[in-house]
$ cat protein04.txt   # compact mmCIF, C-alpha atoms and all ligand atoms
# COMPACT_ATOMS: atom_id res chain seq x y z
CA MET A 274 0.00 0.00 0.00
CA ALA A 275 1.29 3.43 -0.99
CA THR A 276 2.22 5.98 1.69
CA LYS A 277 0.91 9.53 1.23
CA SER A 278 3.33 12.39 0.53
CA GLY A 279 4.68 14.16 3.62
CA LYS A 280 7.51 14.18 6.15
CA TYR A 281 7.70 10.35 6.13
CA TRP A 282 9.33 10.53 2.69
CA VAL A 283 12.09 12.84 3.88
CA THR A 284 13.04 10.27 6.51
CA TRP A 285 12.69 7.48 3.94
CA ALA A 286 14.90 9.25 1.41
CA ASN A 287 17.53 9.99 4.05
CA ALA A 288 17.74 6.23 4.68
CA HIS A 289 17.17 4.79 1.17
CA ALA A 290 17.95 7.51 -1.38
CA LYS A 291 20.85 9.44 0.04
CA ASN A 292 22.56 12.45 -1.44
CA SER A 293 26.26 12.79 -1.20
CA ASN A 294 27.97 16.02 -0.22
CA LYS A 295 31.40 14.58 -0.96
CA VAL A 296 33.35 16.02 -3.87
CA ASP A 297 34.99 12.60 -4.22
CA ASP A 298 31.65 11.11 -5.32
CA LEU A 299 31.55 13.32 -8.44
CA GLU A 300 32.27 12.00 -11.95
CA VAL A 301 36.05 11.89 -12.44
CA THR A 302 36.55 14.79 -14.91
CA PHE A 303 34.13 17.14 -13.18
CA ARG A 304 35.61 16.17 -9.81
CA ALA A 305 39.05 17.41 -10.85
CA ALA A 306 37.56 20.69 -12.13
CA VAL A 307 35.61 21.26 -8.91
CA LYS A 308 38.62 20.50 -6.71
CA ALA A 309 40.73 23.05 -8.56
CA PHE A 310 38.00 25.72 -8.40
CA ILE A 311 37.35 25.17 -4.68
CA LYS A 312 41.09 25.30 -3.97
CA ALA A 313 41.33 28.66 -5.76
CA LEU A 314 38.35 29.98 -3.78
CA LYS A 315 39.78 28.85 -0.44
CA ASP A 316 43.27 30.10 -1.28
CA ALA A 317 41.67 33.51 -1.91
CA GLY A 318 40.01 33.48 1.51
CA ALA A 319 36.46 32.36 0.61
CA THR A 320 34.44 29.86 2.61
CA VAL A 321 32.91 27.05 0.55
CA ASP A 322 30.04 25.00 1.97
CA VAL A 323 29.14 22.02 -0.23
CA SER A 324 25.58 20.79 0.31
CA THR A 325 25.11 18.29 -2.56
CA THR A 326 27.23 16.51 -5.14
CA LYS A 327 25.80 13.20 -6.42
CA ARG A 328 22.06 12.60 -6.07
CA SER A 329 20.11 9.33 -6.30
CA ASP A 330 17.46 9.11 -9.04
CA LYS A 331 14.81 8.24 -6.42
CA ARG A 332 15.64 11.36 -4.47
CA ALA A 333 15.47 13.43 -7.68
CA TYR A 334 11.99 12.01 -8.31
CA LEU A 335 10.81 13.00 -4.82
CA PHE A 336 12.36 16.48 -5.19
CA HIS A 337 10.77 17.11 -8.59
CA TRP A 338 7.18 16.21 -7.85
CA SER A 339 7.06 17.61 -4.29
CA TRP A 340 8.32 20.95 -5.64
CA LYS A 341 5.85 21.08 -8.53
CA ILE A 342 2.81 20.00 -6.52
CA SER A 343 3.61 22.27 -3.55
CA GLN A 344 4.07 25.27 -5.86
CA GLY A 345 0.85 24.57 -7.77
CA LYS A 346 2.77 23.89 -11.01
CA CYS A 347 0.93 20.61 -11.64
CA LYS A 348 -1.95 18.55 -10.32
CA PRO A 349 -1.15 15.84 -7.74
CA SER A 350 -2.54 13.30 -10.23
CA ASP A 351 0.03 14.43 -12.86
CA ALA A 352 2.93 12.91 -10.88
CA LYS A 353 4.41 9.85 -12.61
CA LYS A 354 5.04 6.55 -10.80
CA MET A 355 8.53 5.35 -9.99
CA ILE A 356 9.46 1.75 -9.31
CA GLY A 357 10.79 1.38 -5.77
CA VAL A 358 9.12 4.57 -4.47
CA ASP A 359 5.59 3.68 -3.34
CA ILE A 360 4.29 7.23 -2.75
CA GLU A 361 0.74 8.52 -3.13
CA TRP A 362 0.88 12.20 -4.16
CA ASN A 363 -2.88 12.63 -4.34
CA HIS A 364 -4.49 12.88 -0.89
CA GLY A 365 -7.91 13.25 -2.54
CA ASP A 366 -7.98 16.92 -1.48
CA LEU A 367 -5.86 19.56 -3.24
CA ALA A 368 -4.97 21.55 -0.07
CA LYS A 369 -3.87 18.37 1.72
CA SER A 370 -1.89 17.17 -1.31
CA LYS A 371 -0.08 20.52 -1.51
CA ALA A 372 0.57 20.53 2.25
CA GLY A 373 2.04 16.99 2.09
CA ALA A 374 4.29 18.01 -0.80
CA LEU A 375 5.34 21.20 1.01
CA GLU A 376 6.39 19.18 4.08
CA MET A 377 8.79 17.38 1.77
CA VAL A 378 10.07 20.58 0.11
CA THR A 379 10.74 22.03 3.57
CA GLY A 380 12.24 18.81 4.90
CA PHE A 381 14.55 18.49 1.90
CA GLY A 382 15.48 22.18 2.13
CA LEU A 383 14.65 22.84 -1.54
CA ALA A 384 14.99 26.37 -2.90
CA VAL A 385 11.62 27.80 -3.95
CA PRO A 386 10.68 31.04 -5.77
CA PRO A 387 12.12 33.64 -5.83
CA ARG A 388 15.42 31.94 -4.87
CA SER A 389 14.96 29.21 -7.44
CA ILE A 390 12.34 29.30 -10.17
CA ASN A 391 13.05 25.82 -11.63
CA PRO A 392 11.65 22.59 -10.26
CA PRO A 393 14.47 20.19 -9.34
CA SER A 394 15.18 18.22 -12.51
CA LEU A 395 14.42 14.57 -13.12
CA THR A 396 17.47 14.43 -15.37
CA SER A 397 19.67 16.59 -13.16
CA ASN A 398 23.41 16.65 -13.69
CA HIS A 399 23.59 15.72 -10.00
CA ILE A 400 22.39 12.21 -10.88
CA SER A 401 25.41 11.60 -13.12
CA GLY A 402 27.77 13.33 -10.66
CA LYS A 403 28.33 16.34 -12.91
CA ALA A 404 26.84 19.06 -10.69
CA ILE A 405 27.52 20.53 -7.27
CA ASP A 406 25.49 22.71 -4.92
CA MET A 407 27.68 24.97 -2.83
CA THR A 408 27.49 28.26 -1.00
CA ILE A 409 30.51 30.51 -1.45
CA ILE A 410 30.97 33.36 1.00
CA TRP A 411 33.62 36.00 1.62
CA THR A 412 33.89 39.56 2.85
CA GLY A 413 34.47 42.56 0.61
CA THR A 414 36.73 42.08 -2.41
CA ILE A 415 39.19 39.22 -2.86
CA LYS A 416 41.51 38.09 -5.63
CA ILE A 417 40.75 34.64 -7.03
CA LYS A 418 43.02 32.77 -9.44
CA LYS A 419 41.66 31.58 -12.76
CA LYS A 420 42.87 28.27 -14.15
CA ASP A 421 45.52 30.08 -16.25
CA GLY A 422 46.95 31.58 -13.04
CA SER A 423 45.71 35.15 -13.63
CA GLU A 424 44.13 36.83 -10.57
CA VAL A 425 40.73 38.47 -10.75
CA SER A 426 39.27 40.84 -8.15
CA VAL A 427 35.77 39.81 -7.13
CA THR A 428 33.43 41.67 -4.81
CA TYR A 429 31.03 39.63 -2.71
CA SER A 430 27.36 39.79 -3.69
CA PRO A 431 24.60 38.17 -1.64
CA ASN A 432 23.02 37.17 -4.96
CA VAL A 433 25.52 34.72 -6.46
CA ASN A 434 23.35 34.40 -9.59
CA THR A 435 24.30 37.94 -10.68
CA ASN A 436 28.02 37.73 -9.80
CA THR A 437 29.22 37.26 -13.39
CA VAL A 438 32.87 37.79 -12.45
CA LEU A 439 32.71 34.78 -10.14
CA HIS A 440 30.95 32.80 -12.88
CA SER A 441 33.77 33.56 -15.33
CA ILE A 442 36.34 32.26 -12.84
CA GLY A 443 34.38 29.02 -12.34
CA ASP A 444 34.07 28.76 -16.11
CA SER A 445 37.86 28.81 -16.50
CA TYR A 446 37.97 25.58 -14.45
CA GLY A 447 35.02 23.97 -16.28
CA VAL A 448 32.59 24.63 -13.40
CA LYS A 449 29.66 26.57 -14.85
CA LYS A 450 26.94 28.51 -13.03
CA LEU A 451 23.26 27.87 -13.52
CA LYS A 452 22.08 31.47 -13.09
CA THR A 453 18.55 30.60 -11.92
CA ASP A 454 19.58 28.31 -9.05
CA ALA A 455 21.67 29.94 -6.33
CA PRO A 456 23.88 27.06 -5.15
CA HIS A 457 24.09 25.12 -8.43
CA TRP A 458 27.19 24.74 -10.63
CA SER A 459 27.80 22.01 -13.21
CA TYR A 460 29.95 20.86 -16.13
CA ASN A 461 27.63 22.53 -18.67
CA GLY A 462 25.79 25.23 -16.67
CA ARG A 463 22.57 23.21 -16.44
ZN ZN A 501 22.11 21.61 -7.83

$ encode --input "protein04.txt" --output "structure tokens"
Amino acid sequence: MATKSGKYWVTWANAHAKNSNKVDDLEVTFRAAVKAFIKALKDAGATVDVSTTKRSDKRAYLFHWSWKISQGKCKPSDAKKMIGVDIEWNHGDLAKSKAGALEMVTGFGLAVPPRSINPPSLTSNHISGKAIDMTIIWTGTIKIKKKDGSEVSVTYSPNVNTNTVLHSIGDSYGVKKLKTDAPHWSYNGR
């Protein structure tokens, strides 16, 4: 028998569909790029907090549909089935279905509008180990080395999505910013 959407599924996913926050779990080429970029950031005096690297496909499924249902972007009955995840998204009452989905969004700590306007992807680069979520913080202006060794002055902005100078530095290492998702960087910017 299927279990209705809600907090239960956060606990379930944390036991059966874990995310990694280890850089070492990334795909080998992207891993090397990320390590070099993070080293440059830390050498410059920034703090880097990695929240997610590789994600399980079951977790991606739970992220995607809980986000869309909670934000009213689809009907609970639109959610597809996934083998191995016996969840019932439709509580038979729209408000209850949305509340169950929102418990999951909150429990998973997903970014919602305006911070992130995209639903978490079902084909995310995280699933193949080619994306990383990280928060990069520093004070004032620091000099960060690009891959070619040149130093670039970068001023901190609380909105990382608009800090194009920082994006260009990541780009030099092959770590590209997705500009609509605050913590997300990947091998192709998606
Ligand atoms: Zn991400």

$ residues_near_ligand --input "protein04.txt" --ligand "ligand ZN 501 (chain A)" --cutoff "6 Å" --atoms "all atoms listed in the file" --output "ChimeraX atom specification"
/A:405-406,457

$ write_last_selection --input "protein04.txt" --atoms "C-alpha atoms" --output "PDB file, keeping the file's coordinate frame"
ATOM      1  CA  ILE A 405      27.520  20.530  -7.270  1.00  0.00           C
ATOM      2  CA  ASP A 406      25.490  22.710  -4.920  1.00  0.00           C
ATOM      3  CA  HIS A 457      24.090  25.120  -8.430  1.00  0.00           C
TER       4      HIS A 457
END

$ closest_residue --input "protein04.txt" --among "A:Ala286, A:Ala368, A:Leu375, A:Ala404" --to "Gly447 (chain A)" --atoms "only C-alpha atoms"
A:Ala404

$ residues_near_point --input "protein04.txt" --point "(36.6, 23.8, -10.2)" --cutoff "9 Å" --atoms "only C-alpha atoms" --output "PyMOL selection string"
chain A and resi 303-313+420+442-449

$ residues_near_point --input "protein04.txt" --point "(10.7, 19.9, 7.2)" --cutoff "12 Å" --atoms "all atoms listed in the file" --output "VMD selection string"
chain A and resid 279 to 284 372 to 383

$ atom_distance --input "protein04.txt" --atom1 "CA of Met407 (chain A)" --atom2 "CA of Pro456 (chain A)"
4.9 Å

$ closest_residue --input "protein04.txt" --among "A:Val425, A:Val385, A:Val438, A:Ile400" --to "Asp454 (chain A)" --atoms "all atoms listed in the file"
A:Val385

$ decode --input "protein04.txt" --residues "region 334-435 of chain A" --atoms "C-alpha atoms" --output "PDB file, in the first residue's frame"
ATOM      1  CA  TYR A 334      11.985  12.007  -8.305  1.00  0.00           C
ATOM      2  CA  LEU A 335      10.810  13.000  -4.816  1.00  0.00           C
ATOM      3  CA  PHE A 336      12.362  16.484  -5.186  1.00  0.00           C
ATOM      4  CA  HIS A 337      10.771  17.107  -8.587  1.00  0.00           C
ATOM      5  CA  TRP A 338       7.185  16.213  -7.846  1.00  0.00           C
ATOM      6  CA  SER A 339       7.065  17.612  -4.292  1.00  0.00           C
ATOM      7  CA  TRP A 340       8.323  20.953  -5.638  1.00  0.00           C
ATOM      8  CA  LYS A 341       5.846  21.082  -8.532  1.00  0.00           C
ATOM      9  CA  ILE A 342       2.809  20.000  -6.516  1.00  0.00           C
ATOM     10  CA  SER A 343       3.608  22.273  -3.550  1.00  0.00           C
ATOM     11  CA  GLN A 344       4.068  25.273  -5.858  1.00  0.00           C
ATOM     12  CA  GLY A 345       0.854  24.573  -7.773  1.00  0.00           C
ATOM     13  CA  LYS A 346       2.773  23.885 -11.008  1.00  0.00           C
ATOM     14  CA  CYS A 347       0.929  20.607 -11.635  1.00  0.00           C
ATOM     15  CA  LYS A 348      -1.947  18.553 -10.316  1.00  0.00           C
ATOM     16  CA  PRO A 349      -1.145  15.840  -7.738  1.00  0.00           C
ATOM     17  CA  SER A 350      -2.541  13.303 -10.228  1.00  0.00           C
ATOM     18  CA  ASP A 351       0.028  14.425 -12.861  1.00  0.00           C
ATOM     19  CA  ALA A 352       2.927  12.907 -10.884  1.00  0.00           C
ATOM     20  CA  LYS A 353       4.410   9.846 -12.606  1.00  0.00           C
ATOM     21  CA  LYS A 354       5.045   6.554 -10.802  1.00  0.00           C
ATOM     22  CA  MET A 355       8.535   5.352  -9.988  1.00  0.00           C
ATOM     23  CA  ILE A 356       9.461   1.746  -9.307  1.00  0.00           C
ATOM     24  CA  GLY A 357      10.788   1.380  -5.774  1.00  0.00           C
ATOM     25  CA  VAL A 358       9.115   4.567  -4.473  1.00  0.00           C
ATOM     26  CA  ASP A 359       5.592   3.681  -3.337  1.00  0.00           C
ATOM     27  CA  ILE A 360       4.294   7.228  -2.751  1.00  0.00           C
ATOM     28  CA  GLU A 361       0.743   8.516  -3.134  1.00  0.00           C
ATOM     29  CA  TRP A 362       0.876  12.198  -4.157  1.00  0.00           C
ATOM     30  CA  ASN A 363      -2.877  12.631  -4.338  1.00  0.00           C
ATOM     31  CA  HIS A 364      -4.488  12.884  -0.891  1.00  0.00           C
ATOM     32  CA  GLY A 365      -7.913  13.253  -2.544  1.00  0.00           C
ATOM     33  CA  ASP A 366      -7.976  16.916  -1.484  1.00  0.00           C
ATOM     34  CA  LEU A 367      -5.863  19.563  -3.237  1.00  0.00           C
ATOM     35  CA  ALA A 368      -4.972  21.547  -0.075  1.00  0.00           C
ATOM     36  CA  LYS A 369      -3.868  18.370   1.721  1.00  0.00           C
ATOM     37  CA  SER A 370      -1.890  17.165  -1.305  1.00  0.00           C
ATOM     38  CA  LYS A 371      -0.078  20.517  -1.511  1.00  0.00           C
ATOM     39  CA  ALA A 372       0.573  20.527   2.255  1.00  0.00           C
ATOM     40  CA  GLY A 373       2.042  16.994   2.089  1.00  0.00           C
ATOM     41  CA  ALA A 374       4.288  18.006  -0.801  1.00  0.00           C
ATOM     42  CA  LEU A 375       5.338  21.198   1.008  1.00  0.00           C
ATOM     43  CA  GLU A 376       6.386  19.181   4.077  1.00  0.00           C
ATOM     44  CA  MET A 377       8.793  17.381   1.769  1.00  0.00           C
ATOM     45  CA  VAL A 378      10.071  20.582   0.115  1.00  0.00           C
ATOM     46  CA  THR A 379      10.742  22.034   3.573  1.00  0.00           C
ATOM     47  CA  GLY A 380      12.242  18.806   4.903  1.00  0.00           C
ATOM     48  CA  PHE A 381      14.551  18.488   1.896  1.00  0.00           C
ATOM     49  CA  GLY A 382      15.476  22.181   2.126  1.00  0.00           C
ATOM     50  CA  LEU A 383      14.648  22.837  -1.536  1.00  0.00           C
ATOM     51  CA  ALA A 384      14.987  26.370  -2.897  1.00  0.00           C
ATOM     52  CA  VAL A 385      11.618  27.803  -3.952  1.00  0.00           C
ATOM     53  CA  PRO A 386      10.684  31.043  -5.775  1.00  0.00           C
ATOM     54  CA  PRO A 387      12.121  33.644  -5.825  1.00  0.00           C
ATOM     55  CA  ARG A 388      15.416  31.944  -4.871  1.00  0.00           C
ATOM     56  CA  SER A 389      14.960  29.207  -7.442  1.00  0.00           C
ATOM     57  CA  ILE A 390      12.341  29.299 -10.174  1.00  0.00           C
ATOM     58  CA  ASN A 391      13.050  25.816 -11.627  1.00  0.00           C
ATOM     59  CA  PRO A 392      11.646  22.587 -10.262  1.00  0.00           C
ATOM     60  CA  PRO A 393      14.475  20.188  -9.336  1.00  0.00           C
ATOM     61  CA  SER A 394      15.182  18.224 -12.513  1.00  0.00           C
ATOM     62  CA  LEU A 395      14.419  14.570 -13.118  1.00  0.00           C
ATOM     63  CA  THR A 396      17.471  14.428 -15.369  1.00  0.00           C
ATOM     64  CA  SER A 397      19.670  16.585 -13.158  1.00  0.00           C
ATOM     65  CA  ASN A 398      23.411  16.646 -13.694  1.00  0.00           C
ATOM     66  CA  HIS A 399      23.593  15.720 -10.001  1.00  0.00           C
ATOM     67  CA  ILE A 400      22.386  12.205 -10.881  1.00  0.00           C
ATOM     68  CA  SER A 401      25.410  11.598 -13.118  1.00  0.00           C
ATOM     69  CA  GLY A 402      27.773  13.328 -10.664  1.00  0.00           C
ATOM     70  CA  LYS A 403      28.330  16.336 -12.915  1.00  0.00           C
ATOM     71  CA  ALA A 404      26.836  19.058 -10.694  1.00  0.00           C
ATOM     72  CA  ILE A 405      27.524  20.528  -7.267  1.00  0.00           C
ATOM     73  CA  ASP A 406      25.494  22.711  -4.915  1.00  0.00           C
ATOM     74  CA  MET A 407      27.676  24.965  -2.830  1.00  0.00           C
ATOM     75  CA  THR A 408      27.485  28.257  -0.999  1.00  0.00           C
ATOM     76  CA  ILE A 409      30.506  30.511  -1.455  1.00  0.00           C
ATOM     77  CA  ILE A 410      30.972  33.362   1.003  1.00  0.00           C
ATOM     78  CA  TRP A 411      33.621  35.999   1.615  1.00  0.00           C
ATOM     79  CA  THR A 412      33.887  39.557   2.854  1.00  0.00           C
ATOM     80  CA  GLY A 413      34.474  42.563   0.607  1.00  0.00           C
ATOM     81  CA  THR A 414      36.732  42.081  -2.415  1.00  0.00           C
ATOM     82  CA  ILE A 415      39.188  39.217  -2.856  1.00  0.00           C
ATOM     83  CA  LYS A 416      41.515  38.085  -5.634  1.00  0.00           C
ATOM     84  CA  ILE A 417      40.755  34.643  -7.025  1.00  0.00           C
ATOM     85  CA  LYS A 418      43.021  32.773  -9.442  1.00  0.00           C
ATOM     86  CA  LYS A 419      41.656  31.581 -12.760  1.00  0.00           C
ATOM     87  CA  LYS A 420      42.870  28.273 -14.154  1.00  0.00           C
ATOM     88  CA  ASP A 421      45.521  30.077 -16.250  1.00  0.00           C
ATOM     89  CA  GLY A 422      46.946  31.583 -13.043  1.00  0.00           C
ATOM     90  CA  SER A 423      45.710  35.154 -13.627  1.00  0.00           C
ATOM     91  CA  GLU A 424      44.133  36.827 -10.574  1.00  0.00           C
ATOM     92  CA  VAL A 425      40.733  38.468 -10.754  1.00  0.00           C
ATOM     93  CA  SER A 426      39.266  40.841  -8.149  1.00  0.00           C
ATOM     94  CA  VAL A 427      35.771  39.806  -7.130  1.00  0.00           C
ATOM     95  CA  THR A 428      33.432  41.672  -4.812  1.00  0.00           C
ATOM     96  CA  TYR A 429      31.029  39.634  -2.708  1.00  0.00           C
ATOM     97  CA  SER A 430      27.362  39.792  -3.691  1.00  0.00           C
ATOM     98  CA  PRO A 431      24.598  38.173  -1.638  1.00  0.00           C
ATOM     99  CA  ASN A 432      23.019  37.170  -4.964  1.00  0.00           C
ATOM    100  CA  VAL A 433      25.517  34.723  -6.455  1.00  0.00           C
ATOM    101  CA  ASN A 434      23.353  34.402  -9.585  1.00  0.00           C
ATOM    102  CA  THR A 435      24.304  37.939 -10.679  1.00  0.00           C
TER     103      THR A 435
END
